[in-house]
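Engineer: If it helps, the file is called work.csv and holds CSV, C-alpha atoms:
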```
chain,number,residue,atom,x,y,z
S,1,MET,CA,8.6,48.1,-107.4
S,2,PRO,CA,11.1,48.8,-110.2
S,3,ARG,CA,14.5,47.3,-109.4
S,4,THR,CA,17.2,45.3,-111.1
S,5,LEU,CA,16.8,41.5,-111.1
S,6,HIS,CA,19.7,39.5,-109.9
S,7,PRO,CA,21.9,38.7,-112.9
S,8,VAL,CA,22.4,35.1,-111.9
S,9,ALA,CA,18.6,34.5,-112.1
S,10,TRP,CA,18.6,35.7,-115.7
S,11,TRP,CA,21.5,33.4,-116.5
S,12,ILE,CA,19.9,30.4,-114.9
S,13,TRP,CA,16.7,31.1,-116.8
S,14,ALA,CA,18.5,31.5,-120.1
S,15,LEU,CA,20.8,28.4,-119.7
S,16,ALA,CA,17.8,26.3,-118.6
S,17,LEU,CA,15.9,27.4,-121.7
S,18,ALA,CA,18.9,26.6,-123.9
S,19,THR,CA,19.0,23.2,-122.3
S,20,ALA,CA,15.4,22.7,-123.1
S,21,VAL,CA,16.1,23.7,-126.7
S,22,SER,CA,18.9,21.1,-127.0
S,23,ARG,CA,16.2,18.4,-126.3
S,24,THR,CA,14.0,19.2,-129.3
S,25,ASN,CA,14.2,19.5,-133.0
S,26,ASN,CA,10.6,20.5,-133.6
S,27,PRO,CA,10.5,23.8,-135.6
S,28,LEU,CA,7.2,24.9,-134.0
S,29,LEU,CA,8.7,24.6,-130.5
S,30,LEU,CA,11.9,26.4,-131.6
S,31,PHE,CA,9.9,29.3,-133.1
S,32,LEU,CA,7.9,29.4,-129.8
S,33,VAL,CA,11.2,29.7,-127.9
S,34,LEU,CA,12.2,32.6,-130.1
S,35,ALA,CA,8.8,34.3,-129.4
S,36,VAL,CA,9.2,33.8,-125.7
S,37,LEU,CA,12.7,35.3,-125.8
S,38,GLY,CA,11.5,38.3,-127.8
S,39,TYR,CA,8.6,38.9,-125.4
S,40,VAL,CA,10.8,38.7,-122.2
S,41,ILE,CA,13.5,40.9,-123.7
S,42,THR,CA,11.0,43.5,-124.9
S,43,ALA,CA,9.3,43.6,-121.5
S,44,ARG,CA,12.3,43.6,-119.2
S,45,ARG,CA,15.4,45.0,-120.9
S,46,THR,CA,16.9,48.2,-119.6
S,47,GLU,CA,18.5,51.2,-121.4
S,48,ALA,CA,22.0,50.0,-120.7
S,49,PRO,CA,24.4,49.6,-123.6
S,50,TRP,CA,24.5,45.8,-123.4
S,51,ALA,CA,20.7,45.7,-123.6
S,52,ARG,CA,20.6,46.9,-127.2
S,53,GLY,CA,22.4,44.1,-129.0
S,54,PHE,CA,19.9,41.3,-129.1
S,55,LYS,CA,19.0,42.1,-132.7
S,56,TYR,CA,22.6,41.4,-133.7
S,57,TYR,CA,22.3,37.9,-132.0
S,58,LEU,CA,19.3,37.4,-134.3
S,59,TYR,CA,21.4,38.4,-137.3
S,60,LEU,CA,24.1,35.9,-136.2
S,61,ALA,CA,21.4,33.2,-135.7
S,62,LEU,CA,20.2,33.7,-139.3
S,63,ILE,CA,23.8,33.4,-140.5
S,64,VAL,CA,24.2,30.2,-138.6
S,65,VAL,CA,21.0,28.7,-140.3
S,66,ALA,CA,22.2,29.9,-143.7
S,67,ILE,CA,25.6,28.4,-143.3
S,68,ARG,CA,24.1,25.1,-142.2
S,69,VAL,CA,21.8,25.0,-145.2
S,70,VAL,CA,24.6,25.9,-147.6
S,71,PHE,CA,26.9,23.2,-146.2
S,72,ARG,CA,24.2,20.6,-146.5
S,73,ALA,CA,23.5,21.6,-150.1
S,74,VAL,CA,27.2,21.5,-151.1
S,75,PHE,CA,28.2,18.4,-149.2
S,76,ALA,CA,25.4,16.2,-150.5
S,77,THR,CA,24.8,13.2,-148.2
S,78,GLY,CA,21.8,11.0,-147.4
S,79,ILE,CA,19.8,11.7,-150.6
S,80,THR,CA,17.3,8.9,-151.1
S,81,PRO,CA,15.2,8.1,-154.2
S,82,ASP,CA,12.1,9.1,-152.4
S,83,ASP,CA,13.2,12.6,-151.7
S,84,HIS,CA,11.7,15.6,-153.5
S,85,PHE,CA,14.4,16.7,-155.9
S,86,LEU,CA,15.0,20.5,-156.2
S,87,PHE,CA,18.1,21.1,-158.2
S,88,SER,CA,21.6,19.7,-158.8
S,89,LEU,CA,25.0,21.3,-158.2
S,90,PRO,CA,28.1,20.5,-160.2
S,91,ARG,CA,29.8,17.4,-158.8
S,92,ILE,CA,33.5,17.7,-157.8
S,93,PRO,CA,35.4,14.4,-157.9
S,94,THR,CA,37.1,13.5,-154.5
S,95,PRO,CA,40.1,11.2,-153.9
S,96,ASP,CA,39.7,7.7,-152.5
S,97,TRP,CA,40.8,8.7,-149.0
S,98,TYR,CA,37.9,11.2,-148.9
S,99,ALA,CA,35.3,8.5,-149.5
S,100,GLY,CA,31.9,8.9,-148.0
S,101,ILE,CA,31.6,12.7,-148.6
S,102,GLU,CA,30.4,14.1,-151.9
S,103,ILE,CA,30.9,17.7,-153.0
S,104,GLY,CA,28.0,18.8,-155.2
S,105,GLY,CA,25.3,16.6,-156.7
S,106,PRO,CA,21.5,16.5,-156.2
S,107,VAL,CA,19.8,18.6,-153.5
S,108,SER,CA,16.5,17.6,-152.1
S,109,LEU,CA,13.8,19.4,-150.1
S,110,GLU,CA,14.1,17.0,-147.2
S,111,ALA,CA,17.9,17.6,-146.9
S,112,LEU,CA,17.4,21.4,-146.8
S,113,LEU,CA,14.6,21.2,-144.3
S,114,SER,CA,16.7,18.9,-142.1
S,115,ALA,CA,19.7,21.3,-142.2
S,116,ALA,CA,17.5,24.3,-141.6
S,117,THR,CA,16.0,22.6,-138.5
S,118,ASP,CA,19.4,21.7,-137.1
S,119,GLY,CA,20.6,25.2,-137.7
S,120,LEU,CA,17.5,26.6,-136.1
S,121,ARG,CA,18.2,24.7,-132.9
S,122,ILE,CA,21.7,26.0,-132.7
S,123,ALA,CA,20.4,29.5,-133.5
S,124,CYS,CA,17.9,29.3,-130.6
S,125,MET,CA,20.6,28.3,-128.2
S,126,LEU,CA,22.7,31.2,-129.4
S,127,CYS,CA,19.7,33.5,-128.9
S,128,CYS,CA,19.3,32.2,-125.3
S,129,ILE,CA,22.8,33.2,-124.5
S,130,GLY,CA,22.2,36.6,-126.2
S,131,ALA,CA,19.1,37.0,-124.0
S,132,ALA,CA,21.2,36.5,-120.9
S,133,ASN,CA,23.7,39.0,-122.1
S,134,THR,CA,20.9,41.5,-122.9
S,135,LEU,CA,19.0,41.2,-119.6
S,136,ALA,CA,21.8,40.6,-117.0
S,137,ASN,CA,24.3,43.2,-115.9
S,138,PRO,CA,27.7,41.5,-116.4
S,139,LYS,CA,29.4,43.8,-113.9
S,140,ARG,CA,26.9,42.9,-111.2
S,141,ALA,CA,27.2,39.2,-111.9
S,142,LEU,CA,31.0,39.4,-111.1
S,143,ARG,CA,30.2,40.3,-107.5
S,144,VAL,CA,28.6,36.9,-106.7
S,145,LEU,CA,31.6,34.8,-107.7
S,146,PRO,CA,33.8,33.2,-105.1
S,147,GLY,CA,37.1,35.1,-104.3
S,148,ALA,CA,39.2,32.3,-105.9
S,149,LEU,CA,37.4,32.8,-109.2
S,150,TYR,CA,37.5,36.6,-109.1
S,151,GLU,CA,40.3,36.9,-111.7
S,152,LEU,CA,38.6,34.3,-114.0
S,153,GLY,CA,35.3,36.1,-113.5
S,154,VAL,CA,36.8,39.4,-114.5
S,155,ALA,CA,38.2,37.8,-117.7
S,156,VAL,CA,34.8,36.3,-118.5
S,157,THR,CA,33.0,39.5,-117.8
S,158,VAL,CA,35.3,41.5,-120.0
S,159,SER,CA,34.9,38.9,-122.8
S,160,LEU,CA,31.1,38.9,-122.4
S,161,SER,CA,31.0,42.7,-122.6
S,162,VAL,CA,33.0,42.8,-125.8
S,163,ALA,CA,30.0,42.2,-128.1
S,164,PRO,CA,27.7,44.9,-126.4
S,165,GLN,CA,30.6,47.4,-126.5
S,166,LEU,CA,31.2,46.7,-130.2
S,167,VAL,CA,27.5,47.2,-130.9
S,168,GLN,CA,27.6,50.5,-129.0
S,169,SER,CA,30.7,51.6,-130.9
S,170,VAL,CA,29.1,50.7,-134.3
S,171,GLN,CA,26.0,52.6,-133.5
S,172,ARG,CA,27.9,55.6,-132.3
S,173,VAL,CA,30.1,55.7,-135.4
S,174,HIS,CA,27.1,55.2,-137.7
S,175,ARG,CA,25.3,58.0,-136.0
S,176,ALA,CA,28.3,60.3,-136.4
S,177,LYS,CA,28.6,59.4,-140.2
S,178,ARG,CA,24.9,60.3,-140.7
S,179,LEU,CA,25.4,63.6,-138.9
S,180,ARG,CA,28.3,64.3,-141.3
S,181,ALA,CA,26.2,63.5,-144.3
S,182,GLY,CA,28.0,60.3,-145.1
S,183,ARG,CA,26.0,58.3,-147.5
S,184,ALA,CA,28.6,55.6,-148.5
S,185,LYS,CA,27.2,52.1,-148.8
S,186,GLY,CA,28.6,48.6,-149.1
S,187,LEU,CA,32.3,48.1,-148.7
S,188,GLY,CA,33.0,51.8,-148.6
S,189,ALA,CA,30.8,52.3,-145.6
S,190,LEU,CA,32.3,49.2,-143.9
S,191,ARG,CA,35.8,50.5,-144.3
S,192,GLY,CA,34.7,53.8,-142.8
S,193,ILE,CA,33.2,52.1,-139.8
S,194,VAL,CA,35.7,49.4,-139.0
S,195,VAL,CA,38.7,51.7,-138.4
S,196,PRO,CA,36.9,53.9,-135.9
S,197,VAL,CA,35.4,50.9,-134.1
S,198,LEU,CA,38.8,49.2,-133.8
S,199,GLU,CA,40.3,52.5,-132.5
S,200,ASP,CA,37.5,52.8,-129.9
S,201,ALA,CA,38.1,49.2,-128.8
S,202,LEU,CA,41.8,49.8,-128.4
S,203,GLU,CA,41.1,52.9,-126.3
S,204,ARG,CA,38.6,50.9,-124.1
S,205,SER,CA,41.3,48.3,-123.6
S,206,LEU,CA,43.8,50.8,-122.5
S,207,ARG,CA,41.4,52.5,-120.1
S,208,LEU,CA,40.3,49.1,-118.7
S,209,ALA,CA,44.0,48.1,-118.1
S,210,ALA,CA,44.7,51.4,-116.3
S,211,ALA,CA,41.7,51.0,-114.1
S,212,MET,CA,42.5,47.4,-113.2
S,213,ASP,CA,46.1,48.4,-112.4
S,214,SER,CA,45.0,51.3,-110.2
S,215,ARG,CA,42.7,49.0,-108.2
S,216,GLY,CA,45.4,46.4,-107.6
S,217,TYR,CA,44.1,43.7,-109.8
S,218,GLY,CA,46.2,40.6,-109.8
S,219,ARG,CA,48.0,41.2,-106.5
S,220,ALA,CA,48.7,38.0,-104.5
S,221,GLY,CA,47.8,39.6,-101.2
S,222,THR,CA,49.0,37.7,-98.1
S,223,ALA,CA,49.0,34.3,-99.8
S,224,THR,CA,52.3,32.4,-99.5
S,225,ARG,CA,53.9,30.2,-102.1
S,226,ALA,CA,52.9,27.0,-100.1
S,227,SER,CA,49.3,28.0,-99.9
S,228,ARG,CA,49.1,28.7,-103.6
S,229,ARG,CA,50.6,25.3,-104.3
S,230,ILE,CA,48.1,23.6,-102.0
S,231,THR,CA,45.3,25.5,-103.6
S,232,GLY,CA,46.4,24.4,-107.1
S,233,GLY,CA,46.8,20.8,-106.0
S,234,LEU,CA,43.4,20.7,-104.4
S,235,MET,CA,41.8,22.2,-107.6
S,236,LEU,CA,43.7,19.8,-109.9
S,237,ALA,CA,42.8,16.8,-107.8
S,238,GLY,CA,39.2,17.9,-107.6
S,239,MET,CA,38.9,18.3,-111.3
S,240,CYS,CA,40.4,14.9,-111.9
S,241,GLY,CA,37.8,13.5,-109.4
S,242,LEU,CA,35.0,15.2,-111.3
S,243,CYS,CA,36.2,13.8,-114.6
S,244,ALA,CA,36.5,10.3,-113.2
S,245,GLY,CA,33.1,10.5,-111.6
S,246,ALA,CA,31.5,11.7,-114.9
S,247,TYR,CA,33.2,8.8,-116.7
S,248,GLY,CA,32.0,6.3,-114.1
S,249,LEU,CA,28.4,7.5,-114.4
S,250,LEU,CA,28.4,7.4,-118.2
S,251,ASP,CA,30.1,4.0,-118.6
S,252,ALA,CA,28.1,1.2,-117.1
S,253,THR,CA,31.1,-1.2,-117.2
S,254,ALA,CA,33.3,1.1,-115.0
S,255,PRO,CA,33.9,0.3,-111.3
S,256,ARG,CA,31.5,1.8,-108.8
S,257,VAL,CA,34.2,3.7,-107.2
S,258,LEU,CA,34.5,5.9,-110.4
S,259,GLY,CA,30.9,6.9,-110.1
S,260,LEU,CA,29.2,9.0,-107.4
S,261,PRO,CA,32.1,8.5,-104.8
S,262,ALA,CA,34.7,9.9,-107.2
S,263,MET,CA,32.4,12.8,-108.1
S,264,ALA,CA,31.6,13.6,-104.5
S,265,ALA,CA,35.3,13.5,-103.5
S,266,GLY,CA,36.2,15.7,-106.5
S,267,ALA,CA,33.5,18.2,-105.5
S,268,LEU,CA,34.7,18.4,-101.9
S,269,LEU,CA,38.3,18.9,-103.1
S,270,CYS,CA,37.2,21.7,-105.4
S,271,VAL,CA,35.2,23.4,-102.7
S,272,ALA,CA,38.2,23.2,-100.3
S,273,GLY,CA,40.5,24.7,-103.0
S,274,LEU,CA,38.0,27.5,-103.7
S,275,ARG,CA,37.8,28.4,-100.0
S,276,MET,CA,41.5,28.4,-99.5
S,277,GLY,CA,42.1,30.4,-102.7
S,278,GLY,CA,39.4,32.9,-101.8
S,279,ARG,CA,41.3,33.9,-98.6
S,280,ARG,CA,43.9,35.8,-100.5
S,281,VAL,CA,41.3,38.1,-102.2
S,282,THR,CA,39.7,40.7,-100.0
S,283,ARG,CA,36.7,42.3,-101.4
S,284,THR,CA,34.0,44.6,-100.0
S,285,THR,CA,30.4,44.6,-101.2
S,286,TYR,CA,28.4,47.8,-101.6
S,287,ARG,CA,24.7,47.4,-101.8
S,288,PRO,CA,24.5,43.6,-102.6
S,289,ASP,CA,21.9,42.3,-105.0
S,290,PRO,CA,19.0,40.7,-103.1
S,291,TRP,CA,17.6,37.3,-103.9
S,292,ARG,CA,13.9,37.4,-103.4
S,293,PHE,CA,10.7,35.8,-104.7
S,294,ALA,CA,11.2,37.3,-108.2
S,295,GLU,CA,14.6,35.6,-108.6
S,296,TRP,CA,13.3,32.3,-107.5
S,297,ALA,CA,10.3,32.6,-109.8
S,298,VAL,CA,12.4,33.6,-112.9
S,299,ALA,CA,15.0,30.8,-112.3
S,300,GLY,CA,12.2,28.3,-111.6
S,301,CYS,CA,10.4,29.0,-114.8
S,302,GLY,CA,13.4,28.2,-116.9
S,303,VAL,CA,14.4,25.2,-114.9
S,304,LEU,CA,10.9,23.8,-114.9
S,305,SER,CA,10.7,24.0,-118.7
S,306,ALA,CA,14.0,22.1,-119.1
S,307,VAL,CA,12.8,19.4,-116.6
S,308,VAL,CA,9.5,18.9,-118.4
S,309,LEU,CA,11.2,18.5,-121.8
S,310,PHE,CA,13.8,16.1,-120.4
S,311,GLY,CA,11.3,14.2,-118.3
S,312,GLY,CA,9.1,13.2,-121.2
S,313,ALA,CA,6.0,12.7,-118.9
S,314,GLY,CA,2.6,13.4,-120.4
S,315,PHE,CA,3.6,13.5,-124.1
S,316,ASP,CA,5.2,11.4,-126.7
S,317,ALA,CA,8.9,11.9,-126.8
S,318,ALA,CA,8.9,11.4,-130.6
S,319,ALA,CA,7.0,14.7,-130.9
S,320,LEU,CA,10.1,16.6,-129.9
S,321,ASN,CA,12.1,15.3,-132.9
S,322,PRO,CA,9.6,14.8,-135.7
S,323,SER,CA,10.7,12.9,-138.8
S,324,ILE,CA,10.7,14.4,-142.2
S,325,TYR,CA,10.1,11.0,-143.8
S,326,PRO,CA,7.4,11.1,-145.0
S,327,LEU,CA,7.4,14.9,-145.5
S,328,SER,CA,4.6,16.3,-143.4
S,329,TRP,CA,3.7,19.3,-141.2
S,330,PRO,CA,5.1,18.8,-137.6
S,331,THR,CA,2.6,18.5,-134.7
S,332,LEU,CA,2.8,20.8,-131.7
S,333,PRO,CA,2.9,18.8,-128.4
S,334,LEU,CA,0.9,20.6,-125.8
S,335,VAL,CA,2.9,19.8,-122.7
S,336,PRO,CA,6.3,21.0,-124.1
S,337,ALA,CA,4.6,24.1,-125.6
S,338,GLY,CA,3.1,24.9,-122.2
S,339,ALA,CA,6.5,24.4,-120.5
S,340,ILE,CA,8.1,26.9,-122.9
S,341,LEU,CA,5.2,29.4,-122.4
S,342,LEU,CA,5.8,29.0,-118.7
S,343,ALA,CA,9.4,30.2,-119.2
S,344,GLY,CA,7.8,33.3,-120.8
S,345,ALA,CA,6.2,34.0,-117.4
S,346,ALA,CA,9.5,35.6,-116.5
S,347,GLY,CA,8.4,38.6,-118.5
S,348,PHE,CA,5.9,39.6,-115.8
S,349,LEU,CA,7.1,37.8,-112.8
S,350,SER,CA,10.4,39.7,-112.8
S,351,PRO,CA,10.3,43.3,-111.5
S,352,PRO,CA,10.2,46.1,-114.1
S,353,PRO,CA,13.5,47.8,-114.7
S,354,ARG,CA,14.1,51.3,-113.4
S,355,ALA,CA,13.2,54.0,-115.9
S,356,PRO,CA,16.0,56.2,-117.0
S,357,VAL,CA,16.1,59.6,-115.2
S,358,PRO,CA,16.0,62.4,-117.8
S,359,PRO,CA,18.5,65.2,-117.3
S,360,SER,CA,17.1,68.2,-115.6
S,361,VAL,CA,16.7,71.2,-117.9
S,362,PRO,CA,16.7,74.6,-116.1
S,363,SER,CA,13.7,76.8,-116.9
S,364,PRO,CA,14.3,80.2,-118.6
S,365,ARG,CA,12.9,81.9,-115.5
S,366,SER,CA,15.6,80.4,-113.3
S,367,GLU,CA,18.3,81.2,-115.7
S,368,ALA,CA,17.1,84.9,-115.7
S,369,VAL,CA,17.1,84.9,-111.9
S,370,THR,CA,20.6,83.5,-111.7
```
Do you think you could lay out the structure here as structure tokens?

Structural biologist:
Amino acid sequence: MPRTLHPVAWWIWALALATAVSRTNNPLLLFLVLAVLGYVITARRTEAPWARGFKYYLYLALIVVAIRVVFRAVFATGITPDDHFLFSLPRIPTPDWYAGIEIGGPVSLEALLSAATDGLRIACMLCCIGAANTLANPKRALRVLPGALYELGVAVTVSLSVAPQLVQSVQRVHRAKRLRAGRAKGLGALRGIVVPVLEDALERSLRLAAAMDSRGYGRAGTATRASRRITGGLMLAGMCGLCAGAYGLLDATAPRVLGLPAMAAGALLCVAGLRMGGRRVTRTTYRPDPWRFAEWAVAGCGVLSAVVLFGGAGFDAAALNPSIYPLSWPTLPLVPAGAILLAGAAGFLSPPPRAPVPPSVPSPRSEAVT
């Protein structure tokens, strides 16, 4: 049945897919990830304003790749005699304290391909975050946060909704300019769009501030000063425990106490701080989002793809990061490709979104009767 999937399921799916992307540098797998994202977004996006901005994330991804390639061409490093020479840029002399970095010089095909591949990986991770913003409702995701993180969640939700709102504002202003026969292009058109968009953003901010103030946002409730201090102390001690535990797990020479025991103690302190801090925030939930089989399936598809790429079982781990020396076409490992295609199963395992209800138009006969 058509319904809205739980927003946390989409975020788990997208973050797990971004984690899988961070494991590989194979351009074939990265393009496969982009294809999977495009399929899932096309099949399951809604008509909401935040669901129309994925193409702008693609534009931003292309800019990231271009910047990475340009920087690699300008700051020429790692050029070997066996590289395929393309062209040479004017060399700019650098001081002695800037040794090791050259500005300008020869540019090879291997260097540009390496930079493009690195930029493509960052672009895929950015598109994964854009897919989560496109598919998940940020306002509904706010309701599942603990009470202690409610204010932080509101700030994160507002920041995540900035990009979709700006996209909506740009589209609305551009549509209005076309209706008014505005045909300016280039910088002239940009100047005519930026000012109305900024004005719209300021009006949205004022309306949001008034709405938050009318709903009592930021009130301390019945919490006393002592309880707030205890909550802050528990959270600070818990974060210190988590940092010490992470350090102990990463450093083999650290004492055992700084490993799992410190991380477990820090997690317990953070949970206690969150529960104590959540008591001062009283919220009611109207029609909570269900977590059913579709949510488990979508989240599991993304997590399983990340586990397969990090596990390295059934395939050569070197296939995830092919070398460009010698220059050759990369191979497509079947097991990682199947794991990424499995993440694309979210396009049909998730329920279809609700179709928008068209406004009812009265018939001429009813207007005549009235």

Engineer: Which is closest to S:Pro351 among S:Ser305, S:Gln171, S:Ser323, S:Thr4, if we use all atoms listed in the file?

Structural biologist: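 Once distances to S:Pro351 are computed over all atoms listed in the file, the minimum belongs to S:Thr4.
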
Engineer: Using all atoms listed in the file for the distances, tell me which of S:Ile324, S:Pro333, S:Cys270, S:Leu198 is nearest to S:Ala111.

Structural biologist: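 Comparing S:Ile324, S:Pro333, S:Cys270, S:Leu198 against S:Ala111, the winner is S:Ile324.
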
Engineer: If you measure from atom CA of S:Leu5 to atom CA of S:Gly302, what distance in Å do you get, rounded to one decimal?

Structural biologist: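 One can read the atom CA of S:Leu5 to atom CA of S:Gly302 distance as 14.9 Å.
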
Engineer: For S:Leu274, which residue among S:Leu304, S:Ala132, S:Gly248, S:Ser227 is the nearest when counting only C-alpha atoms?

Structural biologist: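 When distances to S:Leu274 are compared using only C-alpha atoms, the smallest one comes from S:Ser227.
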
Engineer: Near S:Ala319, counting all atoms listed in the file, which residues have an atom at most 9 Å away, once you skip same-chain residues fewer than 2 positions from it, shown as a PyMOL selection string?

Structural biologist: chain S and resi 24-26+315-317+321-323+330-333

Engineer: Using all atoms listed in the file, I'd like a table of the residues in stretch 279-357 of chain S that come within 8 Å of stretch 35-59 of chain S; for each, show the closest atom pair and its distance in Å rounded to one decimal, ordered by chain and ascending number, as JSON lines.

Structural biologist:
```
{"residue": "S:Ile340", "atom": "CA", "partner": "S:Val36", "partner_atom": "CA", "distance": 7.5}
{"residue": "S:Leu341", "atom": "CA", "partner": "S:Val36", "partner_atom": "CA", "distance": 6.8}
{"residue": "S:Ala343", "atom": "CA", "partner": "S:Val36", "partner_atom": "CA", "distance": 7.4}
{"residue": "S:Gly344", "atom": "CA", "partner": "S:Val36", "partner_atom": "CA", "distance": 5.1}
{"residue": "S:Ala346", "atom": "CA", "partner": "S:Val40", "partner_atom": "CA", "distance": 6.6}
{"residue": "S:Gly347", "atom": "CA", "partner": "S:Val40", "partner_atom": "CA", "distance": 4.4}
{"residue": "S:Phe348", "atom": "CA", "partner": "S:Ala43", "partner_atom": "CA", "distance": 7.7}
{"residue": "S:Ser350", "atom": "CA", "partner": "S:Arg44", "partner_atom": "CA", "distance": 7.7}
{"residue": "S:Pro351", "atom": "CA", "partner": "S:Arg44", "partner_atom": "CA", "distance": 8.0}
{"residue": "S:Pro352", "atom": "CA", "partner": "S:Arg44", "partner_atom": "CA", "distance": 6.1}
{"residue": "S:Pro353", "atom": "CA", "partner": "S:Thr46", "partner_atom": "CA", "distance": 6.0}
{"residue": "S:Arg354", "atom": "CA", "partner": "S:Thr46", "partner_atom": "CA", "distance": 7.5}
{"residue": "S:Ala355", "atom": "CA", "partner": "S:Thr46", "partner_atom": "CA", "distance": 7.8}
{"residue": "S:Pro356", "atom": "CA", "partner": "S:Glu47", "partner_atom": "CA", "distance": 7.1}
```

Engineer: Take the residues from that selection and put them in a file with C-alpha atoms, as an mmCIF file, in the coordinates of the input.

Structural biologist:
```cif
data_model
loop_
_atom_site.group_PDB
_atom_site.id
_atom_site.type_symbol
_atom_site.label_atom_id
_atom_site.label_comp_id
_atom_site.auth_asym_id
_atom_site.auth_seq_id
_atom_site.Cartn_x
_atom_site.Cartn_y
_atom_site.Cartn_z
ATOM 1 C CA ILE S 340 8.100 26.900 -122.900
ATOM 2 C CA LEU S 341 5.200 29.400 -122.400
ATOM 3 C CA ALA S 343 9.400 30.200 -119.200
ATOM 4 C CA GLY S 344 7.800 33.300 -120.800
ATOM 5 C CA ALA S 346 9.500 35.600 -116.500
ATOM 6 C CA GLY S 347 8.400 38.600 -118.500
ATOM 7 C CA PHE S 348 5.900 39.600 -115.800
ATOM 8 C CA SER S 350 10.400 39.700 -112.800
ATOM 9 C CA PRO S 351 10.300 43.300 -111.500
ATOM 10 C CA PRO S 352 10.200 46.100 -114.100
ATOM 11 C CA PRO S 353 13.500 47.800 -114.700
ATOM 12 C CA ARG S 354 14.100 51.300 -113.400
ATOM 13 C CA ALA S 355 13.200 54.000 -115.900
ATOM 14 C CA PRO S 356 16.000 56.200 -117.000
#
```

Engineer: Extract, using all atoms listed in the file, all DNA, RNA and protein residues at most 9 Å from S:Glu295, discarding same-chain residues fewer than 5 positions from it, and format them as a list in words.

Structural biologist: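 Using all atoms listed in the file, the neighbours found are Leu5, His6, Val8, Ala9, Trp10, Pro290, Gly300, Leu349 and Ser350 of chain S.
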
Engineer: With all atoms listed in the file counted, which protein, DNA or RNA residues have an atom no more than 8 Å from (22.8, 40.3, -119.4) in the file frame? Please answer as an MDAnalysis selection string.

Structural biologist: chainID S and resid 7 10:11 50:51 130:138

Engineer: Excluding S:Pro261 and residues on its chain fewer than 3 positions from it, collect all residues at most 10 Å away from it, counting only C-alpha atoms, and give them as a ChimeraX atom specification.

Structural biologist: /S:241-242,244-245,248,256-258,264-267

Engineer: Would you work out the distance separating atom CA of S:Trp296 from atom CA of S:Gly314, expressed in Å to one decimal?

Structural biologist: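 Interatomic distance, atom CA of S:Trp296 to atom CA of S:Gly314: 25.3 Å.
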
Engineer: So how many Å separate atom CA of S:Ile129 and atom CA of S:Ile12, to one decimal?

Structural biologist: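 Between atom CA of S:Ile129 and atom CA of S:Ile12 the gap is 10.4 Å.
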
Engineer: With distances taken over only C-alpha atoms, which residue among S:Val307, S:Leu236, S:Met125, S:Cys301 lies nearest S:Ala272?

Structural biologist: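 Smallest separation from S:Ala272 among the options: S:Leu236.
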
Engineer: Please provide as a list in words all residues within 9 Å of stretch 194-196 of chain S, with the sequence filter that same-chain residues fewer than 6 positions apart are discarded (counting all atoms listed in the file).

Structural biologist: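 In the requested form, the answer reads Ser169, Val170 and Val173 of chain S.
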
Engineer: Pick out the residues sitting within 9 Å of S:Leu112, and hand them over as a PyMOL selection string; count all atoms listed in the file, and ignore anything fewer than 3 positions along from it in its own chain.

Structural biologist: chain S and resi 68-70+72-73+107-109+115-117

Engineer: Identify the residues within 12 Å of coordinate (28.5, 22.2, -159.9) (same frame as the file), considering all atoms listed in the file, and give the answer as a PyMOL selection string.

Structural biologist: chain S and resi 73-76+87-93+102-107

Engineer: Show me that you can extract stretch 23-47 of chain S, keeping C-alpha atoms, and write it as an mmCIF file, in the first residue's frame.

Structural biologist:
```
data_model
loop_
_atom_site.group_PDB
_atom_site.id
_atom_site.type_symbol
_atom_site.label_atom_id
_atom_site.label_comp_id
_atom_site.auth_asym_id
_atom_site.auth_seq_id
_atom_site.Cartn_x
_atom_site.Cartn_y
_atom_site.Cartn_z
ATOM 1 C CA ARG S 23 35.937 1.505 0.503
ATOM 2 C CA THR S 24 36.455 1.473 -3.268
ATOM 3 C CA ASN S 25 38.200 3.552 -5.884
ATOM 4 C CA ASN S 26 37.011 1.516 -8.871
ATOM 5 C CA PRO S 27 35.292 3.874 -11.359
ATOM 6 C CA LEU S 28 32.998 1.087 -12.630
ATOM 7 C CA LEU S 29 31.656 0.464 -9.132
ATOM 8 C CA LEU S 30 31.308 4.194 -8.512
ATOM 9 C CA PHE S 31 29.274 4.679 -11.681
ATOM 10 C CA LEU S 32 27.176 1.688 -10.656
ATOM 11 C CA VAL S 33 26.460 3.413 -7.334
ATOM 12 C CA LEU S 34 25.309 6.526 -9.192
ATOM 13 C CA ALA S 35 23.029 4.374 -11.349
ATOM 14 C CA VAL S 36 21.539 2.719 -8.264
ATOM 15 C CA LEU S 37 20.924 6.097 -6.638
ATOM 16 C CA GLY S 38 19.246 7.396 -9.776
ATOM 17 C CA TYR S 39 16.976 4.351 -10.016
ATOM 18 C CA VAL S 40 15.880 4.441 -6.365
ATOM 19 C CA ILE S 41 15.240 8.185 -6.414
ATOM 20 C CA THR S 42 13.267 7.963 -9.642
ATOM 21 C CA ALA S 43 11.140 5.116 -8.288
ATOM 22 C CA ARG S 44 10.477 6.352 -4.750
ATOM 23 C CA ARG S 45 10.750 10.117 -4.524
ATOM 24 C CA THR S 46 7.677 12.141 -3.657
ATOM 25 C CA GLU S 47 6.358 15.464 -4.913
#
```
